[in-house]
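Chemist: Input structure: protein-v3.txt, which contains compact mmCIF, C-alpha atoms.
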# COMPACT_ATOMS: atom_id res chain seq x y z
CA MET A 9 -30.99 -9.75 28.70
CA LEU A 10 -33.10 -8.11 26.02
CA PHE A 11 -36.23 -9.00 27.98
CA ARG A 12 -34.88 -7.35 31.12
CA LEU A 13 -33.89 -4.22 29.17
CA ILE A 14 -37.34 -3.93 27.62
CA LEU A 15 -38.97 -4.51 31.01
CA PHE A 16 -36.76 -1.85 32.58
CA ILE A 17 -37.63 0.75 29.93
CA TRP A 18 -41.32 -0.23 29.99
CA VAL A 19 -41.69 0.13 33.75
CA SER A 20 -39.57 3.31 33.84
CA ILE A 21 -41.88 4.94 31.31
CA ILE A 22 -44.90 3.95 33.42
CA ILE A 23 -43.36 5.37 36.57
CA ILE A 24 -42.35 8.63 34.90
CA THR A 25 -45.62 9.19 33.04
CA GLY A 26 -47.76 7.99 35.92
CA ILE A 27 -46.18 10.44 38.33
CA SER A 28 -45.57 13.41 36.08
CA MET A 29 -48.50 13.70 33.68
CA PRO A 30 -50.56 16.73 34.73
CA ILE A 31 -54.14 16.46 35.90
CA LYS A 32 -56.54 18.87 34.18
CA GLU A 33 -60.24 19.41 34.68
CA THR A 34 -60.83 19.29 30.94
CA PRO A 35 -58.05 17.25 29.36
CA THR A 36 -57.03 18.82 26.05
CA ASN A 37 -53.56 17.46 25.30
CA TRP A 38 -52.88 13.78 24.86
CA TYR A 39 -50.73 13.79 28.01
CA ASP A 40 -53.37 15.28 30.32
CA LEU A 41 -55.05 13.09 32.92
CA PRO A 42 -58.70 13.70 33.83
CA LEU A 43 -59.66 15.15 37.19
CA ILE A 44 -61.75 12.73 39.20
CA PRO A 45 -63.67 14.46 41.99
CA GLY A 46 -62.55 13.40 45.46
CA LEU A 47 -59.33 11.85 44.23
CA GLU A 48 -57.41 14.60 42.38
CA ASP A 49 -53.65 13.89 42.50
CA LYS A 50 -54.21 10.87 44.73
CA VAL A 51 -55.61 9.04 41.70
CA ARG A 52 -52.05 8.28 40.60
CA ILE A 53 -51.87 5.37 43.01
CA ILE A 54 -54.01 3.40 40.58
CA PHE A 55 -50.95 2.91 38.34
CA PHE A 56 -49.03 1.14 41.09
CA HIS A 57 -51.34 -0.09 43.82
CA VAL A 58 -53.93 -1.86 41.67
CA PRO A 59 -51.32 -3.79 39.62
CA MET A 60 -49.65 -4.86 42.89
CA ALA A 61 -52.93 -6.21 44.24
CA TRP A 62 -53.60 -7.89 40.89
CA VAL A 63 -50.18 -9.55 40.85
CA ALA A 64 -50.66 -10.72 44.44
CA THR A 65 -53.94 -12.38 43.45
CA LEU A 66 -52.36 -13.90 40.36
CA ALA A 67 -49.40 -15.20 42.38
CA PHE A 68 -51.60 -16.79 45.05
CA LEU A 69 -53.79 -18.45 42.43
CA THR A 70 -50.68 -19.73 40.63
CA SER A 71 -49.40 -21.05 43.95
CA LEU A 72 -52.71 -22.80 44.60
CA PHE A 73 -52.70 -24.26 41.09
CA TYR A 74 -49.22 -25.76 41.52
CA GLY A 75 -50.14 -26.94 45.01
CA ILE A 76 -53.04 -28.93 43.58
CA LYS A 77 -50.78 -30.19 40.81
CA TYR A 78 -48.25 -31.34 43.39
CA LEU A 79 -50.89 -33.33 45.23
CA THR A 80 -51.93 -35.08 42.03
CA ASN A 81 -48.48 -36.05 40.70
CA LYS A 82 -46.14 -35.64 43.73
CA ASN A 83 -43.48 -33.96 41.62
CA LEU A 84 -41.36 -31.72 43.88
CA ASP A 85 -40.82 -29.27 41.05
CA ASN A 86 -44.48 -28.26 41.36
CA ASP A 87 -43.95 -27.56 45.04
CA ILE A 88 -40.99 -25.32 44.18
CA LYS A 89 -43.20 -23.36 41.78
CA SER A 90 -45.99 -23.22 44.35
CA VAL A 91 -43.85 -21.92 47.21
CA SER A 92 -41.95 -19.45 45.01
CA SER A 93 -45.20 -18.01 43.76
CA ALA A 94 -46.62 -17.83 47.29
CA GLY A 95 -43.53 -15.93 48.45
CA LEU A 96 -43.85 -13.43 45.63
CA GLY A 97 -47.57 -13.14 46.28
CA LEU A 98 -46.88 -12.34 49.92
CA MET A 99 -44.39 -9.67 48.90
CA PHE A 100 -46.76 -8.03 46.43
CA ALA A 101 -49.63 -8.25 48.92
CA LEU A 102 -47.47 -6.51 51.52
CA LEU A 103 -46.57 -3.81 49.00
CA ALA A 104 -50.22 -3.35 48.07
CA THR A 105 -51.15 -3.13 51.76
CA VAL A 106 -48.47 -0.57 52.56
CA THR A 107 -49.15 1.64 49.53
CA GLY A 108 -52.89 1.37 50.06
CA SER A 109 -52.58 2.14 53.74
CA LEU A 110 -50.46 5.25 53.13
CA TRP A 111 -52.93 6.39 50.51
CA ALA A 112 -55.85 5.73 52.88
CA LYS A 113 -54.28 8.06 55.44
CA PHE A 114 -54.55 10.93 52.97
CA ASN A 115 -57.84 10.01 51.38
CA TRP A 116 -59.87 8.46 54.18
CA GLY A 117 -58.10 9.97 57.17
CA SER A 118 -56.63 6.88 58.81
CA PHE A 119 -54.19 4.17 57.90
CA TRP A 120 -56.61 1.33 58.43
CA ASN A 121 -60.40 1.35 58.12
CA TRP A 122 -61.44 -2.33 57.70
CA ASP A 123 -62.82 -1.65 54.29
CA PRO A 124 -63.85 -4.99 52.64
CA ARG A 125 -60.72 -5.09 50.52
CA GLU A 126 -58.48 -4.18 53.41
CA THR A 127 -60.08 -7.01 55.35
CA SER A 128 -59.63 -9.48 52.52
CA ILE A 129 -55.97 -8.61 51.95
CA PHE A 130 -55.44 -8.84 55.70
CA VAL A 131 -56.87 -12.37 55.63
CA LEU A 132 -54.65 -13.22 52.65
CA LEU A 133 -51.59 -12.01 54.57
CA LEU A 134 -52.67 -14.08 57.57
CA ILE A 135 -53.21 -17.18 55.45
CA TYR A 136 -49.84 -16.97 53.75
CA GLY A 137 -48.10 -15.94 56.96
CA ALA A 138 -49.53 -19.12 58.50
CA TYR A 139 -48.55 -21.03 55.35
CA PHE A 140 -44.89 -20.09 55.74
CA ALA A 141 -45.00 -20.68 59.51
CA LEU A 142 -46.32 -24.18 58.78
CA ARG A 143 -43.63 -24.84 56.19
CA SER A 144 -40.87 -23.90 58.59
CA ALA A 145 -42.30 -26.24 61.25
CA LEU A 146 -42.32 -29.29 58.97
CA GLU A 147 -39.35 -31.52 58.26
CA GLY A 148 -38.80 -33.39 55.03
CA GLU A 149 -39.48 -31.99 51.59
CA GLU A 150 -42.41 -34.22 50.70
CA LYS A 151 -44.18 -33.77 53.99
CA ARG A 152 -43.69 -30.00 53.82
CA ALA A 153 -44.93 -29.84 50.26
CA THR A 154 -48.02 -31.98 50.84
CA LEU A 155 -49.19 -30.41 54.07
CA SER A 156 -48.64 -26.83 52.96
CA ALA A 157 -50.50 -27.52 49.71
CA VAL A 158 -53.37 -29.05 51.69
CA TYR A 159 -53.45 -26.04 53.99
CA ALA A 160 -53.46 -23.59 51.07
CA ILE A 161 -56.36 -25.46 49.48
CA ILE A 162 -58.42 -25.47 52.68
CA ALA A 163 -57.76 -21.76 53.15
CA GLY A 164 -58.53 -21.11 49.49
CA VAL A 165 -61.84 -22.93 49.78
CA THR A 166 -63.02 -21.04 52.87
CA SER A 167 -62.03 -17.56 51.73
CA PRO A 168 -64.88 -17.08 49.19
CA PHE A 169 -67.19 -16.88 52.24
CA PHE A 170 -65.88 -13.40 52.82
CA ILE A 171 -67.63 -12.23 49.68
CA PHE A 172 -70.95 -12.89 51.42
CA ILE A 173 -69.97 -11.97 54.95
CA ILE A 174 -67.90 -8.80 54.76
CA PRO A 175 -70.41 -6.55 52.97
CA ARG A 176 -72.85 -7.28 55.82
CA ILE A 177 -70.40 -6.00 58.40
CA VAL A 178 -68.50 -3.09 56.89
CA GLU A 179 -69.24 -0.67 54.10
CA GLY A 180 -66.94 -0.31 51.15
CA LEU A 181 -64.73 2.75 50.88
CA HIS A 182 -62.75 1.88 47.79
CA PRO A 183 -63.34 4.48 45.08
CA ASN A 184 -64.68 2.06 42.49
CA GLU A 185 -67.67 4.27 41.77
CA ALA A 186 -65.49 7.29 41.18
CA ILE A 187 -63.58 5.44 38.50
CA VAL A 188 -66.10 3.02 37.06
CA SER A 189 -69.69 4.23 37.30
CA GLN A 190 -72.63 2.73 35.44
CA GLY A 191 -70.35 0.80 33.15
CA LYS A 192 -68.55 3.98 32.13
CA ILE A 193 -64.89 4.38 32.96
CA SER A 194 -63.95 7.93 33.87
CA MET A 195 -60.36 7.41 32.79
CA ASN A 196 -59.37 9.01 29.53
CA THR A 197 -57.36 7.18 26.89
CA GLY A 198 -53.99 8.31 28.21
CA MET A 199 -54.76 7.18 31.73
CA LEU A 200 -56.22 3.87 30.59
CA VAL A 201 -53.16 3.18 28.45
CA ILE A 202 -50.77 3.79 31.35
CA PHE A 203 -52.95 1.71 33.67
CA LEU A 204 -53.12 -1.26 31.31
CA ALA A 205 -49.41 -0.93 30.48
CA SER A 206 -48.70 -0.96 34.19
CA LEU A 207 -50.76 -4.13 34.66
CA VAL A 208 -48.79 -5.76 31.84
CA GLY A 209 -45.48 -4.48 33.24
CA PHE A 210 -46.17 -5.71 36.77
CA THR A 211 -47.32 -9.09 35.48
CA ALA A 212 -44.11 -9.36 33.45
CA ILE A 213 -42.07 -8.48 36.53
CA TYR A 214 -43.89 -11.19 38.44
CA PHE A 215 -43.19 -13.87 35.83
CA TRP A 216 -39.56 -12.80 35.58
CA MET A 217 -39.12 -12.95 39.36
CA LEU A 218 -40.96 -16.27 39.55
CA ASN A 219 -38.63 -17.71 36.93
CA LEU A 220 -35.56 -16.54 38.87
CA LYS A 221 -36.91 -17.82 42.18
CA VAL A 222 -37.87 -21.21 40.76
CA ARG A 223 -34.43 -21.64 39.21
CA SER A 224 -32.60 -20.72 42.41
CA GLU A 225 -34.85 -23.00 44.49
CA ARG A 226 -34.21 -25.86 42.08
CA LEU A 227 -30.45 -25.37 42.48
CA GLU A 228 -30.83 -25.25 46.24
CA LEU A 229 -32.77 -28.51 46.27
CA LYS A 230 -30.18 -30.11 44.00
CA TYR A 231 -27.22 -29.13 46.17
CA GLN A 232 -29.02 -30.03 49.38
CA SER A 233 -29.66 -33.53 48.13
CA LYS A 234 -26.04 -33.79 46.96
CA GLY A 235 -24.75 -32.74 50.34
CA LYS A 236 -26.59 -35.53 52.10
CA MET B 22 -65.69 -51.01 51.73
CA ASN B 23 -69.39 -50.31 52.03
CA ILE B 24 -70.91 -47.46 53.92
CA SER B 25 -72.27 -49.34 56.91
CA SER B 26 -68.95 -51.02 57.70
CA ALA B 27 -67.13 -47.69 57.24
CA LEU B 28 -69.56 -46.08 59.64
CA SER B 29 -69.11 -48.82 62.20
CA THR B 30 -65.30 -48.49 61.97
CA SER B 31 -65.64 -44.72 62.42
CA PHE B 32 -67.84 -45.35 65.40
CA THR B 33 -65.31 -47.77 66.87
CA ILE B 34 -62.58 -45.12 66.54
CA PHE B 35 -64.90 -42.60 68.14
CA LEU B 36 -65.57 -45.01 71.04
CA LYS B 37 -61.84 -45.67 71.45
CA ASP B 38 -61.14 -41.92 71.68
CA MET B 39 -64.06 -41.46 74.03
CA ARG B 40 -62.86 -44.28 76.30
CA SER B 41 -59.29 -43.06 76.43
CA GLU B 42 -60.53 -39.54 77.10
CA LEU B 43 -62.82 -40.64 79.92
CA ARG B 44 -60.01 -42.71 81.41
CA THR B 45 -57.51 -39.84 81.60
CA ARG B 46 -59.84 -36.84 81.25
CA TYR B 47 -56.82 -34.99 79.94
CA ALA B 48 -58.53 -32.77 77.39
CA LEU B 49 -61.74 -32.38 79.34
CA ASN B 50 -60.11 -31.27 82.59
CA ALA B 51 -57.70 -28.93 80.84
CA LEU B 52 -60.49 -27.41 78.77
CA ILE B 53 -62.85 -26.89 81.68
CA MET B 54 -60.11 -25.23 83.71
CA PHE B 55 -59.16 -23.13 80.70
CA VAL B 56 -62.72 -21.86 80.29
CA ILE B 57 -63.01 -21.08 84.00
CA THR B 58 -59.67 -19.25 84.01
CA THR B 59 -60.48 -17.19 80.93
CA LEU B 60 -63.94 -16.34 82.16
CA SER B 61 -62.67 -15.23 85.55
CA ILE B 62 -60.02 -13.03 83.92
CA ILE B 63 -62.75 -11.41 81.87
CA LEU B 64 -64.95 -10.98 84.92
CA PHE B 65 -62.10 -9.35 86.85
CA ALA B 66 -61.33 -7.10 83.91
CA LEU B 67 -64.96 -6.08 83.55
CA GLY B 68 -65.37 -5.34 87.25
CA ASN B 69 -68.50 -3.31 87.78
CA GLU B 70 -68.40 -1.76 84.33
CA ASN B 71 -71.59 -1.84 82.37
CA ILE B 72 -70.72 -3.43 79.07
CA SER B 73 -73.17 -3.64 76.21
CA PRO B 74 -74.47 -7.15 75.41
CA GLU B 75 -73.34 -6.66 71.78
CA LEU B 76 -69.74 -6.41 72.94
CA LEU B 77 -70.16 -9.34 75.32
CA SER B 78 -71.40 -11.56 72.49
CA GLY B 79 -67.98 -11.05 70.86
CA VAL B 80 -66.20 -11.88 74.11
CA LEU B 81 -68.10 -15.17 74.37
CA TRP B 82 -66.71 -16.30 71.02
CA ILE B 83 -63.21 -15.22 71.97
CA ILE B 84 -63.41 -17.59 74.96
CA ILE B 85 -64.75 -20.36 72.74
CA PHE B 86 -62.01 -19.79 70.13
CA PHE B 87 -59.13 -19.98 72.57
CA SER B 88 -60.51 -22.91 74.52
CA THR B 89 -60.95 -24.79 71.24
CA MET B 90 -57.37 -23.95 70.32
CA SER B 91 -56.09 -25.19 73.66
CA GLY B 92 -57.68 -28.60 73.58
CA LEU B 93 -58.95 -29.83 70.26
CA SER B 94 -55.59 -30.65 68.73
CA ARG B 95 -55.25 -33.48 71.28
CA SER B 96 -57.16 -36.01 69.18
CA PHE B 97 -54.41 -36.18 66.55
CA VAL B 98 -51.42 -34.98 68.54
CA SER B 99 -51.86 -37.70 71.16
CA GLU B 100 -51.84 -40.42 68.48
CA GLU B 101 -48.61 -38.96 67.17
CA GLU B 102 -47.08 -38.67 70.65
CA LYS B 103 -48.07 -42.13 71.81
CA GLY B 104 -46.85 -43.60 68.53
CA THR B 105 -50.19 -45.23 67.77
CA VAL B 106 -50.43 -43.76 64.27
CA MET B 107 -48.99 -46.84 62.60
CA THR B 108 -51.49 -49.12 64.28
CA LEU B 109 -54.34 -46.92 63.15
CA HIS B 110 -52.90 -47.02 59.62
CA LEU B 111 -53.13 -50.78 59.71
CA ILE B 112 -56.61 -51.21 61.11
CA ALA B 113 -58.62 -48.46 59.42
CA SER B 114 -58.85 -46.48 56.21
CA PRO B 115 -58.11 -42.72 56.37
CA LEU B 116 -61.70 -41.68 55.85
CA THR B 117 -63.07 -43.75 58.72
CA ILE B 118 -60.37 -42.29 60.96
CA TYR B 119 -61.27 -38.79 59.85
CA PHE B 120 -64.94 -39.27 60.63
CA GLY B 121 -64.23 -40.98 63.93
CA LYS B 122 -62.06 -38.08 65.01
CA LEU B 123 -64.57 -35.55 63.69
CA PHE B 124 -67.40 -37.11 65.74
CA PHE B 125 -65.21 -37.14 68.81
CA ASN B 126 -64.16 -33.53 68.40
CA LEU B 127 -67.73 -32.42 67.75
CA ILE B 128 -68.98 -34.17 70.89
CA LEU B 129 -66.11 -32.76 72.97
CA LEU B 130 -66.59 -29.27 71.59
CA GLY B 131 -70.35 -29.50 72.00
CA ALA B 132 -70.01 -30.42 75.67
CA LEU B 133 -67.43 -27.69 76.16
CA ASN B 134 -69.58 -25.05 74.47
CA ILE B 135 -72.65 -25.96 76.51
CA PHE B 136 -70.53 -25.58 79.64
CA THR B 137 -69.03 -22.27 78.48
CA VAL B 138 -72.38 -20.80 77.46
CA LEU B 139 -74.03 -21.85 80.73
CA LEU B 140 -71.23 -20.33 82.81
CA TYR B 141 -71.29 -17.21 80.69
CA LEU B 142 -75.04 -16.77 81.07
CA LEU B 143 -74.80 -17.36 84.82
CA PHE B 144 -71.91 -15.07 85.62
CA VAL B 145 -72.00 -12.29 83.06
CA SER B 146 -75.19 -10.62 84.18
CA SER B 147 -75.35 -7.92 81.55
CA PHE B 148 -75.35 -10.55 78.79
CA THR B 149 -79.08 -10.94 78.25
CA ILE B 150 -80.48 -12.87 75.34
CA GLU B 151 -83.69 -11.67 73.74
CA ASN B 152 -84.12 -14.38 71.14
CA TYR B 153 -83.10 -17.81 72.47
CA THR B 154 -83.91 -19.65 69.24
CA ILE B 155 -81.34 -17.65 67.28
CA PHE B 156 -78.82 -18.02 70.07
CA PHE B 157 -79.05 -21.80 70.35
CA ILE B 158 -79.02 -22.39 66.62
CA THR B 159 -75.98 -20.11 66.38
CA VAL B 160 -74.13 -22.01 69.10
CA LEU B 161 -75.06 -25.34 67.50
CA LEU B 162 -74.02 -24.36 63.97
CA GLY B 163 -70.96 -22.54 65.26
CA THR B 164 -69.90 -25.69 67.12
CA LEU B 165 -70.30 -27.78 63.96
CA GLY B 166 -68.21 -25.42 61.82
CA LEU B 167 -65.60 -24.86 64.50
CA GLY B 168 -65.27 -28.60 65.15
CA SER B 169 -64.94 -29.43 61.50
CA ALA B 170 -62.29 -26.80 60.72
CA SER B 171 -60.28 -27.44 63.88
CA THR B 172 -60.23 -31.21 63.23
CA ILE B 173 -58.55 -30.90 59.85
CA ILE B 174 -56.07 -28.30 61.13
CA ALA B 175 -55.31 -30.57 64.09
CA ALA B 176 -54.48 -33.33 61.62
CA ILE B 177 -52.01 -31.02 59.86
CA ILE B 178 -50.55 -29.70 63.08
CA ALA B 179 -49.89 -33.20 64.46
CA LYS B 180 -47.18 -33.62 61.80
CA ALA B 181 -45.41 -30.35 62.64
CA ASN B 182 -42.67 -29.63 65.18
CA THR B 183 -44.20 -26.72 67.08
CA LYS B 184 -47.71 -27.98 67.63
CA GLY B 185 -49.08 -25.72 70.32
CA THR B 186 -48.28 -22.29 68.93
CA LEU B 187 -48.97 -23.13 65.33
CA TYR B 188 -52.51 -24.36 65.94
CA PRO B 189 -54.24 -20.99 66.51
CA VAL B 190 -52.06 -19.37 63.83
CA LEU B 191 -53.19 -21.84 61.19
CA SER B 192 -56.79 -22.00 62.37
CA PHE B 193 -57.55 -18.32 62.62
CA PRO B 194 -57.63 -17.36 58.91
CA ILE B 195 -59.79 -20.40 58.19
CA LEU B 196 -62.12 -19.76 61.11
CA LEU B 197 -62.46 -16.03 60.50
CA PRO B 198 -65.50 -16.27 58.18
CA LEU B 199 -67.18 -18.51 60.76
CA PHE B 200 -66.37 -16.19 63.64
CA LEU B 201 -67.56 -13.06 61.88
CA THR B 202 -70.85 -14.81 61.15
CA VAL B 203 -71.45 -16.29 64.60
CA MET B 204 -70.59 -12.98 66.26
CA ASN B 205 -73.06 -11.24 64.01
CA ALA B 206 -75.75 -13.86 64.71
CA THR B 207 -75.14 -13.67 68.47
CA LYS B 208 -75.47 -9.91 68.25
CA LEU B 209 -78.82 -10.40 66.53
CA SER B 210 -79.94 -12.71 69.32
CA VAL B 211 -79.13 -10.18 72.06
CA GLU B 212 -80.73 -7.37 70.08
CA GLY B 213 -83.94 -9.39 69.91
CA ALA B 214 -84.07 -9.58 66.14
CA ALA B 215 -86.71 -11.69 64.42
CA PHE B 216 -85.77 -15.22 63.37
CA SER B 217 -86.02 -14.33 59.69
CA ASP B 218 -83.22 -11.74 60.12
CA ALA B 219 -80.76 -14.44 61.14
CA VAL B 220 -81.59 -16.89 58.36
CA GLY B 221 -78.86 -15.42 56.14
CA GLU B 222 -76.29 -16.03 58.88
CA PHE B 223 -77.49 -19.61 59.38
CA ARG B 224 -77.16 -20.26 55.67
CA VAL B 225 -73.54 -19.13 55.75
CA LEU B 226 -72.85 -21.30 58.82
CA ILE B 227 -74.46 -24.40 57.31
CA SER B 228 -72.63 -24.01 54.02
CA TYR B 229 -69.37 -23.34 55.87
CA PHE B 230 -69.75 -26.62 57.75
CA ILE B 231 -70.57 -28.55 54.58
CA VAL B 232 -67.75 -26.98 52.56
CA VAL B 233 -65.09 -27.49 55.24
CA THR B 234 -66.17 -31.07 55.97
CA THR B 235 -66.21 -31.95 52.28
CA ILE B 236 -62.79 -30.47 51.56
CA SER B 237 -61.39 -32.17 54.67
CA PHE B 238 -62.93 -35.45 53.54
CA LEU B 239 -61.20 -35.04 50.16
CA LEU B 240 -57.81 -33.96 51.51
CA PHE B 241 -57.49 -35.97 54.71
CA GLU B 242 -55.89 -38.92 52.93
CA PHE B 243 -52.94 -36.73 51.84
CA ILE B 244 -52.34 -35.55 55.39
CA TRP B 245 -52.75 -38.95 56.97
CA LYS B 246 -50.36 -40.71 54.61
CA GLU B 247 -47.48 -38.31 55.31
Re-express the file's structure as structure tokens.
Modeler:
Amino acid sequence: MLFRLILFIWVSIIIITGISMPIKETPTNWYDLPLIPGLEDKVRIIFFHVPMAWVATLAFLTSLFYGIKYLTNKNLDNDIKSVSSAGLGLMFALLATVTGSLWAKFNWGSFWNWDPRETSIFVLLLIYGAYFALRSALEGEEKRATLSAVYAIIAGVTSPFFIFIIPRIVEGLHPNEAIVSQGKISMNTGMLVIFLASLVGFTAIYFWMLNLKVRSERLELKYQSKGK
Amino acid sequence: MNISSALSTSFTIFLKDMRSELRTRYALNALIMFVITTLSIILFALGNENISPELLSGVLWIIIFFSTMSGLSRSFVSEEEKGTVMTLHLIASPLTIYFGKLFFNLILLGALNIFTVLLYLLFVSSFTIENYTIFFITVLLGTLGLGSASTIIAAIIAKANTKGTLYPVLSFPILLPLFLTVMNATKLSVEGAAFSDAVGEFRVLISYFIVVTTISFLLFEFIWKE
């Protein structure tokens, strides 16, 4: 209960400060955000979009980790963790895609531009869409757990190829240079604090949701096996 | 089990698949008709339009992708449908079965791709290749990668309920790096690029084949024992 209350206050503060702190060309007060050329007010998405993408990555890696663990010890509890994490990862990836796409409309002029990161998140969505399609087509818990873990591993192994391939085909549009250039971050302290706090907050939300999901899935498995 | 006996068992499984395929010609006939149908649809759609060879090199791989998806799952699905899986379990180890099936799929896909490419070169007149070396190496390496990835997905799909529709859905995200690379390399071959320009693409294709085959080799046992 206390954890949830702290999380609620923590994330509320991030949302309020992230949206309302004014952007000034020369930040003087502690609550001023710096003006980044080409981004202006649109820079505020960094407090929400980047943590979403980060949590999606974290969730998929966690899912992969528990998938591998399931294959080594065949404990169904690992499969529950793996699939719960994959589901959350898919949700956060969708959120990151939607927020990013809306932002792209205003910053780059169209909802979808096949920027390298857009392409990679698209592939992630495809992989985990296929993952859940596969799970629903398999009968029997063990079979479902094994085959979906195998599929996630194969997909996980082939996806690093994109790092070499995509930059050859499309040019990057993501404003990394505007924010981090030559090892210097153009965020001021206030902005960096909110950004890092947001990363922490989103990660905490993820672990809280994962815990809930895993517990409810465990109960479901228990009552299913009782019903038989 | 030593390597030579494993290889000979794999080869026996390959021969068995080959014989049963040549007897019924199920996959081969269906695939050939599929390629002809798809190609004629494309030809009708193109009409007398003048399409750039760069675009046509993408279309070629679309035909190859969908014909692979329509036929290559047979090797595992038919075992499952005929109920011969248990017998295979008894007579051979998972790895020999995997390699037997992989050889069979590679040969089938190789034959199919040669047929597709020949038809494509004959009938799509605006598709002119400037650098044949790049083109043939691309088709060869593309066949290897495509065969390897589709074999392992076919093994997964054979255990599922909805085999036909799920196959392209599961294969596409895994094949996407391969397809982006082969399309790029084919584009280089029609643009008449020098061989050294395509070396980077070939490296990706070779490593893709090795990575996918290795991971399939490691994971096949889990799939097969389910």
Chemist: Quick one: everything within 9 Å of Ala160 (chain A), counting only C-alpha atoms, minus sequence neighbours fewer than 6 positions away in the same chain. Send it as an MDAnalysis selection string.
Modeler: chainID A and resid 71:72 75 135:136 139
Chemist: Every residue with an atom at most 10 Å from (-67.6, -29.9, 78.1) (file coordinates; only C-alpha atoms) is what I'm after, so could you write them as a list in words?
Modeler: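 The residues that fall inside the cut-off are Ala48, Leu49, Asn50, Leu52, Ile53, Val56, Ile128, Leu129, Leu130, Gly131, Ala132, Leu133, Asn134, Ile135, Phe136 and Thr137 of chain B.
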Chemist: Keeping C-alpha atoms for every residue in the selection just given, could you write it to a file as a PDB file, keeping the file's coordinate frame?
Modeler:
ATOM      1  CA  ALA B  48     -58.530 -32.770  77.390  1.00  0.00           C
ATOM      2  CA  LEU B  49     -61.740 -32.380  79.340  1.00  0.00           C
ATOM      3  CA  ASN B  50     -60.110 -31.270  82.590  1.00  0.00           C
ATOM      4  CA  LEU B  52     -60.490 -27.410  78.770  1.00  0.00           C
ATOM      5  CA  ILE B  53     -62.850 -26.890  81.680  1.00  0.00           C
ATOM      6  CA  VAL B  56     -62.720 -21.860  80.290  1.00  0.00           C
ATOM      7  CA  ILE B 128     -68.980 -34.170  70.890  1.00  0.00           C
ATOM      8  CA  LEU B 129     -66.110 -32.760  72.970  1.00  0.00           C
ATOM      9  CA  LEU B 130     -66.590 -29.270  71.590  1.00  0.00           C
ATOM     10  CA  GLY B 131     -70.350 -29.500  72.000  1.00  0.00           C
ATOM     11  CA  ALA B 132     -70.010 -30.420  75.670  1.00  0.00           C
ATOM     12  CA  LEU B 133     -67.430 -27.690  76.160  1.00  0.00           C
ATOM     13  CA  ASN B 134     -69.580 -25.050  74.470  1.00  0.00           C
ATOM     14  CA  ILE B 135     -72.650 -25.960  76.510  1.00  0.00           C
ATOM     15  CA  PHE B 136     -70.530 -25.580  79.640  1.00  0.00           C
ATOM     16  CA  THR B 137     -69.030 -22.270  78.480  1.00  0.00           C
TER      17      THR B 137
END
Chemist: Residues within 10 Å of region 28-35 of chain A, please, as a ChimeraX atom specification. Count all atoms listed in the file; anything in the same chain fewer than 2 positions from it doesn't count.
Modeler: /A:22-26,37-45,48-49,51-52,196,198-199
Chemist: Which distance in Å separates CA of Ala145 (chain A) and CA of Ala181 (chain B), to one decimal?
Modeler: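 Taking CA of Ala145 (chain A) and CA of Ala181 (chain B), their separation equals 5.3 Å.
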Chemist: Within 12 Å of region 207-211 of chain B, counting all atoms listed in the file, which residues qualify if same-chain residues fewer than 6 places away don't, as a PyMOL selection string?
Modeler: (chain A and resi 177) or (chain B and resi 73-82+138+142+147-163+200-201+217-223)
Chemist: So how far away is CA of Ile129 (chain A) from CA of Ser171 (chain B), in Å?
Modeler: 22.7 Å
Chemist: Identify every residue of chain A that has at least one atom within 7 Å of any atom of chain B, counting all atoms listed in the file, and report the result as a ChimeraX atom specification.
Modeler: /A:131,134-135,138,145-146,151,154-155,158,162-163,166,169-170,173
Chemist: Those residues you just picked out, can you put them in a file as a tab-separated table (two decimals), in the coordinates of the input with C-alpha atoms?
Modeler:
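Final output, saved to result04.tsv:
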chain	number	residue	atom	x	y	z
A	131	VAL	CA	-56.87	-12.37	55.63
A	134	LEU	CA	-52.67	-14.08	57.57
A	135	ILE	CA	-53.21	-17.18	55.45
A	138	ALA	CA	-49.53	-19.12	58.50
A	145	ALA	CA	-42.30	-26.24	61.25
A	146	LEU	CA	-42.32	-29.29	58.97
A	151	LYS	CA	-44.18	-33.77	53.99
A	154	THR	CA	-48.02	-31.98	50.84
A	155	LEU	CA	-49.19	-30.41	54.07
A	158	VAL	CA	-53.37	-29.05	51.69
A	162	ILE	CA	-58.42	-25.47	52.68
A	163	ALA	CA	-57.76	-21.76	53.15
A	166	THR	CA	-63.02	-21.04	52.87
A	169	PHE	CA	-67.19	-16.88	52.24
A	170	PHE	CA	-65.88	-13.40	52.82
A	173	ILE	CA	-69.97	-11.97	54.95
Chemist: What does the structure give for the distance between CA of Ile21 (chain A) and CA of Pro59 (chain A), in Å to one decimal?
Modeler: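 Separating CA of Ile21 (chain A) from CA of Pro59 (chain A) is a distance of 15.3 Å.
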Chemist: Which residue, B:Ile227, B:Met54, B:Ala179, B:Val203, has the smallest gap to Glu102 (chain B) when you use all atoms listed in the file?
Modeler: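 Result for the nearest residue to Glu102 (chain B): B:Ala179.
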Chemist: Build an axis-aligned box that encloses every atom of region 28-41 of chain B listed in the file, pad it by 6 Å on each side, and report its centre and edge lengths in Å to one decimal, as AutoDock Vina command-line options.
Modeler:
--center_x -64.4 --center_y -45.1 --center_z 68.0 --size_x 22.3 --size_y 19.4 --size_z 28.8
Chemist: When you count all atoms listed in the file, which of these residues is closest to Phe140 (chain A): A:Tyr159, A:Tyr214, A:Phe172, A:Phe114?
Modeler: A:Tyr159
Chemist: Write out as an MDAnalysis selection string which residues come within 12 Å of Ser114 (chain B) when counting all atoms listed in the file, dropping same-chain ones fewer than 4 positions away.
Modeler: chainID B and resid 22:23 26:28 30:31 34 106:110 118:121 241:242 245:246
